[in-house]
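A.B. asks: I have a structure here, written as structure tokens, and I will follow up with some questions on it.
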Amino acid sequence: MDARRARPDASRPPRPVVTELRLSAFKSHRNATFALGPLTFFRGASGTGKSSALQAYEALARLAGGGSLAEALAPAGGAAACVPHRARPDAQGRRGFRIGCTVEGPAGPVRLDLAVQAEPETRVVGERLTGAGRTLLSTALRDPGLPTVEAAWHTAGAVPVTRAPLPDDRLGTALLPLRVAGKTPGQRLVLGAAEQVVVALRSVFACDPRPELMRAPAAARDGRLRGACDNVAAVLGRTGSECAIRHAVLVTAAGAGCRGRVEGLGVEGLDGGFVRAVLARGAGPATPLERLGDGELRYLALCLVLLTGPEVLAVDAAAEVLPARQALTVLADGLDRCLDPRQARELVGLAARMCERGHIRLVGTVGEEAGRVAAEVPGAAMVDLGE
């Protein structure tokens, strides 16, 4: 008997995590497989596919959260933009792409593979969920005239396989908990695998701080940080009052990456229920956040993301699973954008310390200079993309 299966509790991660991203045919990638650790960086020249790898990951996350294909693929430029360059249509004029991932967790390794038709209309044409040496779910487009796919999932009861139609613009794996009763061992196996994939993918926070938006005041009650970090002022006010220890660590990080002395991060009330963030400078006057440079703002926002959790970030995590059983994954395209070498070094070091604890993971893209710094960080995995 295989040792992994004989002692699952000793070898499987307690929190579901995505350990592999597969881009069989997606934008500039063909037959690409990327291993993902707690801290993973994609490095390469412009146009080598760093951003598209994160876009595929985000698309899977949005689908796992119940989004439609159109919603999930919008950040990637839409379905047509995901088709590999120069991909030829078939006899019916159809073109598409294929992506997938592997999720490790209490149920063991579970693979999800998805085939999407982008032209002439966007729809799922095939999905496969496999685990424990079995095909747990498979879907196929049987009748192009219907907005459905035929799904078959493992039952292992009086009927070995259950068949039913599913929408052709949704991820079937995310719909299984609504369709499978869990009465037979086979059904429970399917549910365990599907829930593991959904929990891992829904625990994703795609982050790209926008300095021009961060400088604006925020509504005081807008306390969950969005991906653009445009409401950072309200969130800083919340962390200052609710989590003194982590807020103190954030102040220390701010002092390491911002010009001048930083002794505190706070907020000032404005008319209409709005607040603006300020940096306390000791005996000197406080510095409003809007006066900081783009690099300082991005650095501060990314530090805030790494030092908080789902209760502060705008993440649609699986509410039925305890937070201690989930690992938040931050997707940061252009992690070092606008940052100077000192800021990049501090941010990468903070990421390594936080990811080591197991509650947070980071997948980011970096340029050559920051990539050299990241490559020297213990525990960081570097994916080098060629020309």
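Ligands are numbered from 1 in the order shown, residues from 1 within each chain, and chains are lettered A, B, ... in the order they appear in the structure tokens.
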Quick one: everything within 9 Å of Thr19 (chain A), counting only C-alpha atoms, minus sequence neighbours fewer than 2 positions away in the same chain. Send it as a ChimeraX atom specification.
C.D. replies: /A:17,21,34-38,101-104,109
A.B. asks: Would you please extract all alpha helix (DSSP H) residues from region 159-245 of chain A, as assigned by DSSP on the backbone, and give them as a ChimeraX atom specification?
C.D. replies: /A:172-179,185-202,211-214,232-242,244-245
A.B. asks: Env of Arg298 (chain A): 10 Å cut, atoms = only C-alpha atoms, seq-sep filter 5 positions within chain, self excluded. Answer as a PyMOL selection string.
C.D. replies: chain A and resi 208-211+214+228-229+292-293+303-304+335-339+343
A.B. asks: Mind checking which residues fall within 10 Å of region 242-246 of chain A, counting only C-alpha atoms, ignoring those fewer than 6 positions away in the same chain, and posting them as a list in words?
C.D. replies: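 Residues meeting the cut-off are Leu236, Thr252, Leu304, Leu307 and Thr308 of chain A.
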A.B. asks: Pick the closest to Cys82 (chain A) from A:Phe42, A:Trp153, A:Phe26, A:Tyr299: which is it, counting only C-alpha atoms?
C.D. replies: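 Of A:Phe42, A:Trp153, A:Phe26, A:Tyr299, the one nearest Cys82 (chain A), counting only C-alpha atoms, is A:Phe26.
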A.B. asks: Which residues, written as a list of chain:residue names, have at least one atom at most 9 Å from Glu127 (chain A), with only C-alpha atoms counted and residues fewer than 3 positions away on the same chain left out?
C.D. replies: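 The residues satisfying every condition are A:Leu112, A:Asp113, A:Leu114, A:Ala115, A:Val116, A:Val124, A:Leu137, A:Ser138, A:Thr139, A:Ala140, A:Ala151, A:Leu171, A:Gly172, A:Thr173.
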A.B. asks: Tell me, in Å to one decimal, how far CA of Arg259 (chain A) is from CA of Ala216 (chain A).
C.D. replies: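 CA of Ala216 (chain A) lies 20.6 Å from CA of Arg259 (chain A).
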A.B. asks: For Gly266 (chain A), work out the shell of residues within 10 Å, counting only C-alpha atoms and skipping chain neighbours fewer than 3 positions away, then give it as a PDB file with C-alpha atoms, in the first residue's frame.
C.D. replies:
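Contents of the output file out_34.pdb:
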```pdb
ATOM      1  CA  ALA A 233      -7.925  54.568   4.714  1.00  0.00           C
ATOM      2  CA  ALA A 234     -11.011  52.930   6.217  1.00  0.00           C
ATOM      3  CA  LEU A 236      -6.270  51.155   8.371  1.00  0.00           C
ATOM      4  CA  GLY A 237      -8.696  52.711  10.824  1.00  0.00           C
ATOM      5  CA  ARG A 238     -10.242  49.318  11.426  1.00  0.00           C
ATOM      6  CA  THR A 239      -6.956  47.442  11.927  1.00  0.00           C
ATOM      7  CA  GLY A 240      -5.752  50.122  14.311  1.00  0.00           C
ATOM      8  CA  SER A 241      -8.726  49.583  16.592  1.00  0.00           C
ATOM      9  CA  HIS A 247      -1.180  46.970  13.270  1.00  0.00           C
ATOM     10  CA  VAL A 251       3.712  50.400  11.390  1.00  0.00           C
ATOM     11  CA  VAL A 275     -11.805  59.340   6.633  1.00  0.00           C
ATOM     12  CA  ARG A 276      -8.313  59.820   5.309  1.00  0.00           C
ATOM     13  CA  ALA A 277      -5.212  57.939   6.418  1.00  0.00           C
ATOM     14  CA  VAL A 278      -2.154  59.644   7.866  1.00  0.00           C
ATOM     15  CA  LEU A 279       1.356  58.656   8.902  1.00  0.00           C
ATOM     16  CA  ALA A 280       2.357  59.890  12.363  1.00  0.00           C
ATOM     17  CA  ALA A 286       1.352  63.885  10.315  1.00  0.00           C
ATOM     18  CA  PRO A 288      -1.601  62.473   4.755  1.00  0.00           C
ATOM     19  CA  LEU A 289      -1.556  59.295   2.683  1.00  0.00           C
TER      20      LEU A 289
END
```
A.B. asks: Hey, what's within 8 Å of Arg62 (chain A) if we count only C-alpha atoms and toss same-chain stuff fewer than 6 positions away? As an mmCIF file with all heavy atoms, in the first residue's frame, please?
C.D. replies:
```cif
data_model
loop_
_atom_site.group_PDB
_atom_site.id
_atom_site.type_symbol
_atom_site.label_atom_id
_atom_site.label_comp_id
_atom_site.auth_asym_id
_atom_site.auth_seq_id
_atom_site.Cartn_x
_atom_site.Cartn_y
_atom_site.Cartn_z
ATOM 1 N N GLU A 71 -18.079 36.568 -16.261
ATOM 2 C CA GLU A 71 -17.567 37.262 -15.076
ATOM 3 C C GLU A 71 -16.163 36.816 -14.724
ATOM 4 O O GLU A 71 -15.294 37.623 -14.375
ATOM 5 C CB GLU A 71 -18.507 37.009 -13.898
ATOM 6 C CG GLU A 71 -19.896 37.619 -14.067
ATOM 7 C CD GLU A 71 -20.896 37.087 -13.063
ATOM 8 O OE1 GLU A 71 -20.643 36.004 -12.485
ATOM 9 O OE2 GLU A 71 -21.936 37.740 -12.853
ATOM 10 N N ALA A 72 -15.909 35.524 -14.824
ATOM 11 C CA ALA A 72 -14.612 34.981 -14.434
ATOM 12 C C ALA A 72 -13.497 35.398 -15.377
ATOM 13 O O ALA A 72 -12.348 35.575 -14.954
ATOM 14 C CB ALA A 72 -14.686 33.458 -14.361
ATOM 15 N N LEU A 201 -9.934 27.353 -3.986
ATOM 16 C CA LEU A 201 -10.013 28.380 -5.025
ATOM 17 C C LEU A 201 -10.765 29.622 -4.559
ATOM 18 O O LEU A 201 -10.437 30.744 -4.981
ATOM 19 C CB LEU A 201 -10.671 27.798 -6.273
ATOM 20 C CG LEU A 201 -9.811 26.814 -7.064
ATOM 21 C CD1 LEU A 201 -10.618 26.193 -8.198
ATOM 22 C CD2 LEU A 201 -8.568 27.500 -7.631
ATOM 23 N N ARG A 202 -11.742 29.449 -3.703
ATOM 24 C CA ARG A 202 -12.475 30.630 -3.232
ATOM 25 C C ARG A 202 -11.652 31.473 -2.260
ATOM 26 O O ARG A 202 -11.939 32.651 -2.069
ATOM 27 C CB ARG A 202 -13.783 30.199 -2.563
ATOM 28 C CG ARG A 202 -14.874 29.839 -3.559
ATOM 29 C CD ARG A 202 -16.122 29.359 -2.884
ATOM 30 N NE ARG A 202 -16.697 30.357 -1.968
ATOM 31 C CZ ARG A 202 -17.826 30.161 -1.280
ATOM 32 N NH1 ARG A 202 -18.462 29.006 -1.390
ATOM 33 N NH2 ARG A 202 -18.294 31.104 -0.494
#
```
A.B. asks: Find the distance between CA of Phe274 (chain A) and CA of Val204 (chain A) and write it in Å to one decimal.
C.D. replies: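 We find that CA of Phe274 (chain A) and CA of Val204 (chain A) lie 28.3 Å from each other.
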A.B. asks: Out of A:Ala194, A:Ala248, A:Val377, A:Val199, which residue has the shortest atom-to-atom distance to Val18 (chain A) when counting only C-alpha atoms?
C.D. replies: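 The answer is A:Val199, which sits nearest to Val18 (chain A).
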A.B. asks: When DSSP is applied to the backbone of this structure, which of region 147-237 of chain A are assigned strand (DSSP E)? Write them out as a count of residues only.
C.D. replies: 19
